[in-house]
$ cat input_0.cif   # mmCIF, C-alpha atoms and all ligand atoms
data_my_file
#
loop_
_atom_site.label_atom_id
_atom_site.label_comp_id
_atom_site.auth_asym_id
_atom_site.auth_seq_id
_atom_site.Cartn_x
_atom_site.Cartn_y
_atom_site.Cartn_z
CA MET O 1 1.13 -13.03 9.95
CA ILE O 2 4.23 -11.72 8.23
CA GLN O 3 7.02 -10.42 10.45
CA VAL O 4 9.97 -8.41 9.20
CA ASN O 5 12.64 -8.11 11.87
CA GLN O 6 15.62 -5.76 11.72
CA VAL O 7 16.26 -6.18 8.03
CA PHE O 8 19.23 -4.43 6.40
CA HIS O 9 20.35 -4.62 2.77
CA ASP O 10 23.60 -3.51 1.23
CA TYR O 11 23.51 -4.10 -2.56
CA GLU O 12 27.16 -3.44 -3.26
CA GLY O 13 28.72 -4.73 -0.07
CA LYS O 14 30.45 -1.42 0.50
CA GLY O 15 28.79 -0.64 3.80
CA LYS O 16 26.07 1.58 2.33
CA CYS O 17 22.67 0.11 3.16
CA ALA O 18 19.71 0.77 0.84
CA VAL O 19 17.44 -0.16 3.76
CA SER O 20 18.34 -0.26 7.45
CA ASP O 21 16.79 -1.77 10.53
CA ILE O 22 13.36 -2.37 9.02
CA THR O 23 10.92 -3.93 11.50
CA PHE O 24 7.16 -4.31 11.12
CA SER O 25 4.47 -6.94 10.92
CA VAL O 26 1.45 -7.55 8.74
CA GLU O 27 -1.36 -9.32 10.57
CA SER O 28 -3.63 -11.77 8.81
CA GLY O 29 -6.86 -10.04 7.81
CA SER O 30 -5.19 -6.65 7.59
CA ILE O 31 -3.72 -4.27 5.05
CA PHE O 32 -0.29 -2.76 5.59
CA GLY O 33 0.39 0.35 3.50
CA PHE O 34 4.06 0.83 2.66
CA LEU O 35 4.67 4.38 1.50
CA GLY O 36 7.75 6.16 0.34
CA PRO O 37 9.16 8.25 -2.50
CA SER O 38 11.10 6.78 -5.39
CA GLY O 39 14.36 5.26 -4.20
CA ALA O 40 13.19 4.94 -0.58
CA GLY O 41 13.70 1.18 -0.62
CA LYS O 42 10.16 -0.16 -1.07
CA SER O 43 11.03 -2.66 -3.80
CA THR O 44 14.11 -3.74 -1.89
CA ILE O 45 11.97 -4.72 1.11
CA GLN O 46 9.29 -6.26 -1.06
CA ASN O 47 11.89 -8.36 -2.87
CA ILE O 48 13.47 -9.51 0.38
CA MET O 49 10.04 -10.43 1.77
CA THR O 50 9.14 -12.48 -1.30
CA GLY O 51 12.52 -14.19 -1.48
CA LEU O 52 13.63 -12.50 -4.71
CA LEU O 53 16.56 -10.97 -2.83
CA PRO O 54 18.44 -13.05 -0.27
CA ILE O 55 18.36 -11.90 3.35
CA GLN O 56 21.70 -10.42 4.34
CA LYS O 57 20.80 -9.35 7.83
CA GLY O 58 17.61 -9.71 9.86
CA GLU O 59 14.70 -12.07 9.40
CA VAL O 60 11.39 -12.41 7.58
CA LEU O 61 8.88 -14.84 9.09
CA TYR O 62 5.65 -16.21 7.68
CA ASP O 63 3.53 -17.46 10.55
CA GLY O 64 6.75 -17.96 12.44
CA LYS O 65 8.65 -19.72 9.63
CA SER O 66 11.69 -18.08 8.09
CA VAL O 67 11.51 -17.13 4.41
CA ARG O 68 14.96 -18.75 4.14
CA HIS O 69 13.44 -22.19 4.68
CA LEU O 70 10.17 -21.96 2.81
CA ASN O 71 9.29 -24.65 0.32
CA THR O 72 6.75 -25.10 -2.44
CA GLY O 73 3.91 -25.00 0.09
CA PHE O 74 4.73 -21.34 0.50
CA PHE O 75 4.31 -20.75 -3.23
CA ASN O 76 0.72 -21.92 -2.90
CA GLN O 77 0.02 -19.30 -0.26
CA ILE O 78 1.51 -16.22 -1.82
CA GLY O 79 0.16 -13.80 -4.44
CA VAL O 80 2.30 -11.15 -6.07
CA SER O 81 1.30 -8.26 -8.30
CA PHE O 82 4.38 -6.23 -9.14
CA GLU O 83 4.75 -3.57 -11.80
CA GLN O 84 7.25 -5.46 -13.92
CA ASN O 85 4.92 -8.30 -14.64
CA ASN O 86 5.82 -11.43 -16.53
CA LEU O 87 2.68 -12.14 -18.47
CA TYR O 88 2.78 -14.30 -21.57
CA SER O 89 2.06 -11.87 -24.38
CA SER O 90 1.35 -14.51 -27.00
CA LEU O 91 -1.38 -16.00 -24.80
CA THR O 92 -4.79 -14.45 -24.17
CA GLY O 93 -5.73 -12.99 -20.79
CA LEU O 94 -7.82 -16.05 -19.99
CA GLU O 95 -5.04 -18.43 -21.05
CA ASN O 96 -2.59 -16.54 -18.84
CA LEU O 97 -4.83 -17.06 -15.82
CA LYS O 98 -5.51 -20.71 -16.64
CA TYR O 99 -1.81 -21.39 -17.10
CA HIS O 100 -0.98 -19.69 -13.82
CA ALA O 101 -3.79 -21.50 -11.97
CA ALA O 102 -2.41 -24.86 -13.12
CA LEU O 103 0.87 -24.17 -11.30
CA PHE O 104 -0.81 -24.37 -7.89
CA SER O 105 -1.70 -27.44 -5.91
CA VAL O 106 -4.48 -25.65 -4.01
CA PRO O 107 -8.02 -24.83 -5.18
CA THR O 108 -8.04 -21.80 -7.49
CA VAL O 109 -10.60 -19.15 -8.36
CA ASN O 110 -12.57 -19.32 -11.62
CA PRO O 111 -10.43 -17.24 -14.06
CA MET O 112 -13.45 -15.84 -15.89
CA GLU O 113 -14.91 -14.61 -12.61
CA LEU O 114 -11.69 -12.77 -11.84
CA LEU O 115 -11.49 -11.26 -15.32
CA GLU O 116 -15.03 -10.04 -14.87
CA ARG O 117 -14.14 -8.41 -11.55
CA VAL O 118 -11.22 -6.47 -13.05
CA GLY O 119 -13.22 -5.40 -16.10
CA LEU O 120 -11.53 -7.72 -18.62
CA ARG O 121 -14.38 -10.06 -19.50
CA GLU O 122 -14.74 -8.64 -22.99
CA ASP O 123 -10.99 -8.93 -23.56
CA ALA O 124 -10.58 -12.40 -22.09
CA ASN O 125 -9.82 -13.98 -25.47
CA LYS O 126 -7.57 -11.24 -26.77
CA ARG O 127 -3.81 -11.80 -26.80
CA VAL O 128 -1.98 -9.92 -24.06
CA SER O 129 0.34 -8.44 -26.71
CA ASN O 130 -2.70 -6.38 -27.72
CA TYR O 131 -3.51 -5.29 -24.17
CA SER O 132 -2.93 -1.71 -23.00
CA LYS O 133 -0.71 -0.97 -20.01
CA GLY O 134 -3.70 -0.64 -17.67
CA MET O 135 -5.19 -3.89 -18.96
CA ARG O 136 -1.94 -5.75 -18.30
CA GLN O 137 -1.84 -4.26 -14.85
CA ARG O 138 -5.37 -5.47 -14.13
CA LEU O 139 -4.53 -8.91 -15.47
CA THR O 140 -1.44 -9.09 -13.25
CA PHE O 141 -3.58 -8.10 -10.30
CA ALA O 142 -6.23 -10.72 -11.15
CA ARG O 143 -3.51 -13.34 -11.53
CA SER O 144 -2.18 -12.58 -8.03
CA LEU O 145 -5.57 -13.57 -6.57
CA ILE O 146 -6.05 -16.84 -8.43
CA ASN O 147 -4.78 -19.08 -5.61
CA LYS O 148 -6.64 -17.16 -2.84
CA PRO O 149 -3.29 -16.27 -1.28
CA GLN O 150 -2.81 -15.95 2.46
CA TYR O 151 -0.09 -13.39 1.81
CA LEU O 152 -0.71 -10.85 -0.89
CA PHE O 153 1.86 -8.38 -2.25
CA LEU O 154 0.51 -5.50 -4.29
CA ASP O 155 2.64 -2.84 -5.93
CA GLU O 156 0.69 0.24 -7.09
CA PRO O 157 -2.47 -1.75 -7.85
CA THR O 158 -4.56 1.23 -8.97
CA SER O 159 -2.07 3.67 -10.47
CA GLY O 160 -3.03 4.84 -13.92
CA LEU O 161 -6.48 3.24 -13.81
CA ASP O 162 -9.72 5.10 -14.46
CA PRO O 163 -11.73 5.90 -11.29
CA LYS O 164 -14.42 3.27 -11.85
CA THR O 165 -11.93 0.43 -12.37
CA ALA O 166 -9.86 1.69 -9.44
CA VAL O 167 -12.92 1.46 -7.17
CA GLY O 168 -13.52 -2.14 -8.31
CA ILE O 169 -9.90 -3.03 -7.52
CA ARG O 170 -10.14 -1.40 -4.09
CA GLU O 171 -13.22 -3.50 -3.33
CA LEU O 172 -11.38 -6.65 -4.37
CA ILE O 173 -8.45 -5.76 -2.11
CA LEU O 174 -10.83 -5.26 0.84
CA GLU O 175 -12.39 -8.66 0.08
CA GLN O 176 -8.96 -10.26 0.37
CA LYS O 177 -8.53 -8.70 3.78
CA ALA O 178 -12.02 -9.84 4.78
CA ARG O 179 -11.23 -13.46 3.92
CA GLY O 180 -8.16 -13.24 6.17
CA ALA O 181 -5.23 -12.46 3.87
CA ALA O 182 -2.25 -10.41 5.05
CA VAL O 183 -2.00 -7.68 2.41
CA PHE O 184 1.23 -5.77 1.84
CA LEU O 185 0.42 -2.73 -0.27
CA THR O 186 3.17 -0.60 -1.76
CA THR O 187 2.06 2.70 -3.18
CA HIS O 188 2.80 6.36 -3.80
CA SER O 189 -0.87 7.13 -3.35
CA MET O 190 -1.57 8.52 0.10
CA GLU O 191 -5.25 8.54 -0.70
CA LEU O 192 -5.27 4.81 -1.50
CA ALA O 193 -3.16 4.00 1.54
CA ASP O 194 -5.42 6.06 3.77
CA ALA O 195 -8.57 4.47 2.41
CA LEU O 196 -7.39 0.87 2.70
CA SER O 197 -4.66 0.49 5.28
CA ASP O 198 -4.98 -0.64 8.86
CA THR O 199 -1.38 0.41 9.41
CA VAL O 200 0.86 2.62 7.31
CA ALA O 201 4.64 2.93 7.37
CA PHE O 202 6.49 5.88 5.86
CA LEU O 203 9.76 4.74 4.36
CA TYR O 204 12.26 7.44 3.69
CA GLY O 205 15.94 7.09 2.87
CA GLY O 206 15.84 3.38 3.66
CA VAL O 207 14.42 3.72 7.18
CA ILE O 208 10.91 3.76 8.61
CA ALA O 209 10.29 7.37 9.57
CA ALA O 210 6.84 6.78 11.09
CA MET O 211 4.43 3.88 11.43
CA ASP O 212 0.93 3.68 12.90
CA THR O 213 -2.73 3.53 11.99
CA PRO O 214 -3.74 6.39 9.66
CA GLU O 215 -5.99 7.75 12.43
CA ALA O 216 -3.19 7.79 15.01
CA LEU O 217 -0.78 9.48 12.60
CA LYS O 218 -3.37 12.16 11.95
CA ARG O 219 -3.93 12.62 15.66
CA VAL O 220 -0.25 12.88 16.48
CA TYR O 221 0.98 14.90 13.53
CA GLY O 222 -2.22 16.55 12.42
CA LYS O 223 -2.93 20.23 12.89
CA ARG O 224 -4.40 20.54 16.31
CA GLU O 225 -6.78 23.36 15.63
CA VAL O 226 -10.46 24.03 15.51
CA ARG O 227 -12.17 25.91 12.73
CA VAL O 228 -14.98 28.04 14.05
CA VAL O 229 -17.65 29.24 11.67
CA TYR O 230 -19.63 32.16 13.10
CA ARG O 231 -22.16 34.70 11.98
CA GLU O 232 -21.41 38.37 11.88
CA GLY O 233 -24.45 40.32 10.74
CA GLU O 234 -25.58 38.69 7.50
CA GLU O 235 -22.21 37.07 6.82
CA GLU O 236 -20.65 33.81 7.86
CA ARG O 237 -16.98 34.00 8.79
CA GLU O 238 -14.42 31.39 9.71
CA ARG O 239 -11.49 31.43 12.07
CA ALA O 240 -8.89 28.79 12.95
CA ILE O 241 -7.91 28.57 16.62
CA PRO O 242 -5.16 26.32 17.97
CA LEU O 243 -6.65 23.69 20.28
CA ASP O 244 -4.27 24.63 23.09
CA ASP O 245 -5.30 28.29 23.00
CA LYS O 246 -8.12 27.70 25.47
CA ALA O 247 -8.62 31.41 26.21
CA ALA O 248 -9.21 32.31 22.56
CA LEU O 249 -11.43 29.31 22.09
CA SER O 250 -13.55 30.08 25.11
CA ALA O 251 -13.80 33.78 24.21
CA MET O 252 -14.95 32.82 20.76
CA LEU O 253 -17.57 30.42 22.07
CA THR O 254 -18.99 32.86 24.59
CA THR O 255 -19.01 36.03 22.48
CA ALA O 256 -19.54 34.95 18.87
CA ASP O 257 -22.66 33.63 17.17
CA VAL O 258 -21.12 30.25 16.43
CA VAL O 259 -22.66 28.26 13.60
CA LYS O 260 -20.26 25.36 13.23
CA LEU O 261 -17.13 23.90 14.81
CA HIS O 262 -14.87 21.41 13.19
CA SER O 263 -11.47 20.07 13.95
CA GLN O 264 -8.99 20.32 11.14
CA GLU O 265 -7.62 16.95 10.10
CA ALA O 266 -4.32 16.63 8.30
CA THR O 267 -4.05 14.38 5.27
CA LEU O 268 -1.44 11.61 5.17
CA GLU O 269 0.31 13.63 2.47
CA GLU O 270 0.77 16.57 4.86
CA ILE O 271 1.92 14.25 7.61
CA PHE O 272 4.49 12.63 5.34
CA LEU O 273 5.83 16.08 4.52
CA ARG O 274 6.00 16.94 8.19
CA VAL O 275 7.75 13.71 9.19
CA THR O 276 10.28 13.58 6.37
CA GLY O 277 10.49 17.16 5.14
CA LYS O 278 9.81 15.83 1.64
CA GLU O 279 6.75 15.55 -0.59
CA LEU O 280 5.74 12.05 -1.57
CA THR O 281 5.71 12.37 -5.32
CA ALA O 282 5.83 9.52 -7.77
N1 LIG D 301 20.28 -3.84 -7.93
C1 LIG D 301 20.67 -2.77 -7.25
N2 LIG D 301 21.97 -2.49 -7.07
C2 LIG D 301 22.39 -1.41 -6.39
N3 LIG D 301 21.55 -0.53 -5.82
C3 LIG D 301 20.24 -0.74 -5.95
C4 LIG D 301 19.72 -1.85 -6.67
N4 LIG D 301 18.38 -1.80 -6.63
C5 LIG D 301 18.06 -0.71 -5.93
N5 LIG D 301 19.17 -0.06 -5.51
C6 LIG D 301 19.22 1.17 -4.70
O1 LIG D 301 18.51 0.96 -3.50
C7 LIG D 301 17.75 2.12 -3.16
C8 LIG D 301 16.29 1.74 -2.98
O2 LIG D 301 15.77 1.32 -4.24
P1 LIG D 301 14.32 0.66 -4.40
O3 LIG D 301 14.22 0.13 -5.78
O4 LIG D 301 14.11 -0.29 -3.28
O5 LIG D 301 13.38 1.95 -4.21
P2 LIG D 301 11.78 2.09 -4.35
O6 LIG D 301 11.32 2.70 -3.06
O7 LIG D 301 11.19 0.81 -4.76
O8 LIG D 301 11.62 3.17 -5.51
P3 LIG D 301 10.46 3.31 -6.67
O9 LIG D 301 9.32 4.00 -6.01
O10 LIG D 301 11.12 4.17 -7.68
O11 LIG D 301 10.14 1.95 -7.18
C9 LIG D 301 18.01 3.14 -4.24
O12 LIG D 301 19.00 4.02 -3.80
C10 LIG D 301 18.52 2.32 -5.41
O13 LIG D 301 19.44 3.04 -6.19
MG MG D 302 10.11 0.19 -6.45
#
$ encode --input "input_0.cif" --output "structure tokens"
Amino acid sequence: MIQVNQVFHDYEGKGKCAVSDITFSVESGSIFGFLGPSGAGKSTIQNIMTGLLPIQKGEVLYDGKSVRHLNTGFFNQIGVSFEQNNLYSSLTGLENLKYHAALFSVPTVNPMELLERVGLREDANKRVSNYSKGMRQRLTFARSLINKPQYLFLDEPTSGLDPKTAVGIRELILEQKARGAAVFLTTHSMELADALSDTVAFLYGGVIAAMDTPEALKRVYGKREVRVVYREGEEERERAIPLDDKAALSAMLTTADVVKLHSQEATLEEIFLRVTGKELTA
């Protein structure tokens, strides 16, 4: 489990925090979706969690051990797929994975198998300098899985990928969860976060504005109304009734020729807008 406790970060030391009082945890065998617009502080938190930025205030614990005191053993357990990747462009995709695998002192996954899974089998022996942006992104993602990490950090793993490849990557992410990894997923995509996350946190202006399971967020912030489809003569009509308007609902059910009833569920996108007053756009 990863625990982030009351983390603050002030880049310039002038008393203006980019992120404030951030507290959450990522259980092993779960996916934590970290959502927020550009400038919200996602990378700041991600960098503090992975030790790229020093902790100024608060604590980050990996199975109870502070990130401040982690040694090389930690390196063996972590996988990182960030947007600014540091692939070797003069090496091929396969060579990149082999090189990376050799850095670990734990068993690693067969690089060719991983390339296959991210749709790069045909391009395995091509130099990365000749890879497209999406291909590099897939290679970075594959690389992050090579050591079967216990803690996996993914930054926009499917953005800009075609739907078929994106589905393959989603499946791979779910497999990591299934084998017990704690997955920290940063994204602008509400749809991806909704589909994969056990818990989502909305980061806005450097603070967590809301955090819960996608289902609970929808229940709490969703539109509490029922859509009633009824027949009137030959036509089907539809009417939305607020759930708390029991009189209208009961009148409708007793007098109309009701065909269908369904509760209206809000999307995470709508909920984000409601919680923060802002759209979550990339
Ligand atoms: N090195 C830095 N020095 C000073 N301020 C910084 C630095 N890096 C980030 N910031 C500020 O911290 C805030 C959060 O930035 P951060 O990069 O964490 O956002 P983000 O949520 O990752 O955005 P994006 O979605 O665009 O990647 C922003 O106001 C940004 O200007
Ligand atoms: Mg960022």
$ residues_near_ligand --input "input_0.cif" --ligand "ligand MG 302 (chain D)" --cutoff "10 Å" --atoms "only C-alpha atoms and all ligand atoms" --output "PyMOL selection string"
chain O and resi 36-47+82-84+155-156+186-188
$ residues_around --input "input_0.cif" --residues "Asp10 in chain O" --least-positions-apart "5" --cutoff "12 Å" --atoms "all atoms listed in the file" --output "PyMOL selection string"
chain O and resi 15-21+41+44-45+48+53-57+206
$ write_last_selection --input "input_0.cif" --atoms "C-alpha atoms" --output "CSV table (one decimal), in the frame of the given file"
chain,number,residue,atom,x,y,z
O,15,GLY,CA,28.8,-0.6,3.8
O,16,LYS,CA,26.1,1.6,2.3
O,17,CYS,CA,22.7,0.1,3.2
O,18,ALA,CA,19.7,0.8,0.8
O,19,VAL,CA,17.4,-0.2,3.8
O,20,SER,CA,18.3,-0.3,7.4
O,21,ASP,CA,16.8,-1.8,10.5
O,41,GLY,CA,13.7,1.2,-0.6
O,44,THR,CA,14.1,-3.7,-1.9
O,45,ILE,CA,12.0,-4.7,1.1
O,48,ILE,CA,13.5,-9.5,0.4
O,53,LEU,CA,16.6,-11.0,-2.8
O,54,PRO,CA,18.4,-13.0,-0.3
O,55,ILE,CA,18.4,-11.9,3.4
O,56,GLN,CA,21.7,-10.4,4.3
O,57,LYS,CA,20.8,-9.4,7.8
O,206,GLY,CA,15.8,3.4,3.7
$ closest_residue --input "input_0.cif" --among "O:Val118, O:Val275, O:Met1, O:Leu243" --to "Phe202 in chain O" --atoms "all atoms listed in the file"
O:Val275
$ atom_distance --input "input_0.cif" --atom1 "atom N2 of ligand LIG 301 (chain D)" --atom2 "CA of Gln137 in chain O"
25.1 Å
$ residues_near_point --input "input_0.cif" --point "(-4.7, -18.8, -15.4)" --cutoff "12 Å" --atoms "all atoms listed in the file" --output "count of residues only"
34
$ residues_around --input "input_0.cif" --residues "Asp162 in chain O" --least-positions-apart "4" --cutoff "12 Å" --atoms "all atoms listed in the file" --output "PyMOL selection string"
chain O and resi 118-119+134-135+138+157-158+166-169
$ closest_residue --input "input_0.cif" --among "O:Pro107, O:Gly233, O:Gly205, O:Pro149" --to "Phe184 in chain O" --atoms "only C-alpha atoms"
O:Pro149
$ closest_residue --input "input_0.cif" --among "O:Ala182, O:Ile31, O:Leu174, O:Leu120" --to "Ile78 in chain O" --atoms "only C-alpha atoms"
O:Ala182
$ atom_distance --input "input_0.cif" --atom1 "CA of Phe74 in chain O" --atom2 "CA of Asp212 in chain O"
28.2 Å
$ residues_around --input "input_0.cif" --residues "Gln176 in chain O" --least-positions-apart "5" --cutoff "8 Å" --atoms "only C-alpha atoms" --output "PyMOL selection string"
chain O and resi 29+148+181+183
$ build_atoms --input "input_0.cif" --residues "range 39-60 of chain O" --atoms "N, CA and C atoms" --output "PDB file, keeping the file's coordinate frame"
ATOM      1  N   GLY O  39      13.012   5.467  -4.729  1.00  0.00           N
ATOM      2  CA  GLY O  39      14.360   5.260  -4.200  1.00  0.00           C
ATOM      3  C   GLY O  39      14.404   5.061  -2.697  1.00  0.00           C
ATOM      4  N   ALA O  40      13.234   5.076  -2.053  1.00  0.00           N
ATOM      5  CA  ALA O  40      13.190   4.940  -0.580  1.00  0.00           C
ATOM      6  C   ALA O  40      13.578   3.541  -0.113  1.00  0.00           C
ATOM      7  N   GLY O  41      13.352   2.551  -0.995  1.00  0.00           N
ATOM      8  CA  GLY O  41      13.700   1.180  -0.620  1.00  0.00           C
ATOM      9  C   GLY O  41      12.504   0.239  -0.569  1.00  0.00           C
ATOM     10  N   LYS O  42      11.376   0.660  -1.125  1.00  0.00           N
ATOM     11  CA  LYS O  42      10.160  -0.160  -1.070  1.00  0.00           C
ATOM     12  C   LYS O  42      10.348  -1.488  -1.796  1.00  0.00           C
ATOM     13  N   SER O  43      10.856  -1.417  -3.040  1.00  0.00           N
ATOM     14  CA  SER O  43      11.030  -2.660  -3.800  1.00  0.00           C
ATOM     15  C   SER O  43      12.063  -3.555  -3.139  1.00  0.00           C
ATOM     16  N   THR O  44      13.069  -2.951  -2.565  1.00  0.00           N
ATOM     17  CA  THR O  44      14.110  -3.740  -1.890  1.00  0.00           C
ATOM     18  C   THR O  44      13.462  -4.602  -0.799  1.00  0.00           C
ATOM     19  N   ILE O  45      12.634  -3.988   0.022  1.00  0.00           N
ATOM     20  CA  ILE O  45      11.970  -4.720   1.110  1.00  0.00           C
ATOM     21  C   ILE O  45      11.014  -5.773   0.559  1.00  0.00           C
ATOM     22  N   GLN O  46      10.249  -5.348  -0.443  1.00  0.00           N
ATOM     23  CA  GLN O  46       9.290  -6.260  -1.060  1.00  0.00           C
ATOM     24  C   GLN O  46      10.018  -7.481  -1.630  1.00  0.00           C
ATOM     25  N   ASN O  47      11.142  -7.258  -2.272  1.00  0.00           N
ATOM     26  CA  ASN O  47      11.890  -8.360  -2.870  1.00  0.00           C
ATOM     27  C   ASN O  47      12.518  -9.260  -1.810  1.00  0.00           C
ATOM     28  N   ILE O  48      12.924  -8.684  -0.708  1.00  0.00           N
ATOM     29  CA  ILE O  48      13.470  -9.510   0.380  1.00  0.00           C
ATOM     30  C   ILE O  48      12.336 -10.345   0.986  1.00  0.00           C
ATOM     31  N   MET O  49      11.178  -9.711   1.166  1.00  0.00           N
ATOM     32  CA  MET O  49      10.040 -10.430   1.770  1.00  0.00           C
ATOM     33  C   MET O  49       9.580 -11.596   0.907  1.00  0.00           C
ATOM     34  N   THR O  50       9.643 -11.424  -0.416  1.00  0.00           N
ATOM     35  CA  THR O  50       9.140 -12.480  -1.300  1.00  0.00           C
ATOM     36  C   THR O  50      10.256 -13.444  -1.731  1.00  0.00           C
ATOM     37  N   GLY O  51      11.430 -13.267  -1.190  1.00  0.00           N
ATOM     38  CA  GLY O  51      12.520 -14.190  -1.480  1.00  0.00           C
ATOM     39  C   GLY O  51      13.250 -13.924  -2.784  1.00  0.00           C
ATOM     40  N   LEU O  52      12.935 -12.815  -3.455  1.00  0.00           N
ATOM     41  CA  LEU O  52      13.630 -12.500  -4.710  1.00  0.00           C
ATOM     42  C   LEU O  52      15.042 -11.980  -4.436  1.00  0.00           C
ATOM     43  N   LEU O  53      15.217 -11.377  -3.272  1.00  0.00           N
ATOM     44  CA  LEU O  53      16.560 -10.970  -2.830  1.00  0.00           C
ATOM     45  C   LEU O  53      16.885 -11.787  -1.581  1.00  0.00           C
ATOM     46  N   PRO O  54      18.106 -12.275  -1.476  1.00  0.00           N
ATOM     47  CA  PRO O  54      18.440 -13.050  -0.270  1.00  0.00           C
ATOM     48  C   PRO O  54      18.521 -12.129   0.951  1.00  0.00           C
ATOM     49  N   ILE O  55      18.233 -12.685   2.115  1.00  0.00           N
ATOM     50  CA  ILE O  55      18.360 -11.900   3.350  1.00  0.00           C
ATOM     51  C   ILE O  55      19.826 -11.809   3.726  1.00  0.00           C
ATOM     52  N   GLN O  56      20.307 -10.595   3.886  1.00  0.00           N
ATOM     53  CA  GLN O  56      21.700 -10.420   4.340  1.00  0.00           C
ATOM     54  C   GLN O  56      21.752 -10.326   5.859  1.00  0.00           C
ATOM     55  N   LYS O  57      20.812  -9.551   6.387  1.00  0.00           N
ATOM     56  CA  LYS O  57      20.800  -9.350   7.830  1.00  0.00           C
ATOM     57  C   LYS O  57      19.360  -9.161   8.273  1.00  0.00           C
ATOM     58  N   GLY O  58      18.974  -9.805   9.368  1.00  0.00           N
ATOM     59  CA  GLY O  58      17.610  -9.710   9.860  1.00  0.00           C
ATOM     60  C   GLY O  58      16.836 -10.963   9.506  1.00  0.00           C
ATOM     61  N   GLU O  59      15.525 -10.874   9.597  1.00  0.00           N
ATOM     62  CA  GLU O  59      14.700 -12.070   9.400  1.00  0.00           C
ATOM     63  C   GLU O  59      13.317 -11.694   8.866  1.00  0.00           C
ATOM     64  N   VAL O  60      12.778 -12.550   8.019  1.00  0.00           N
ATOM     65  CA  VAL O  60      11.390 -12.410   7.580  1.00  0.00           C
ATOM     66  C   VAL O  60      10.680 -13.722   7.902  1.00  0.00           C
TER      67      VAL O  60
END
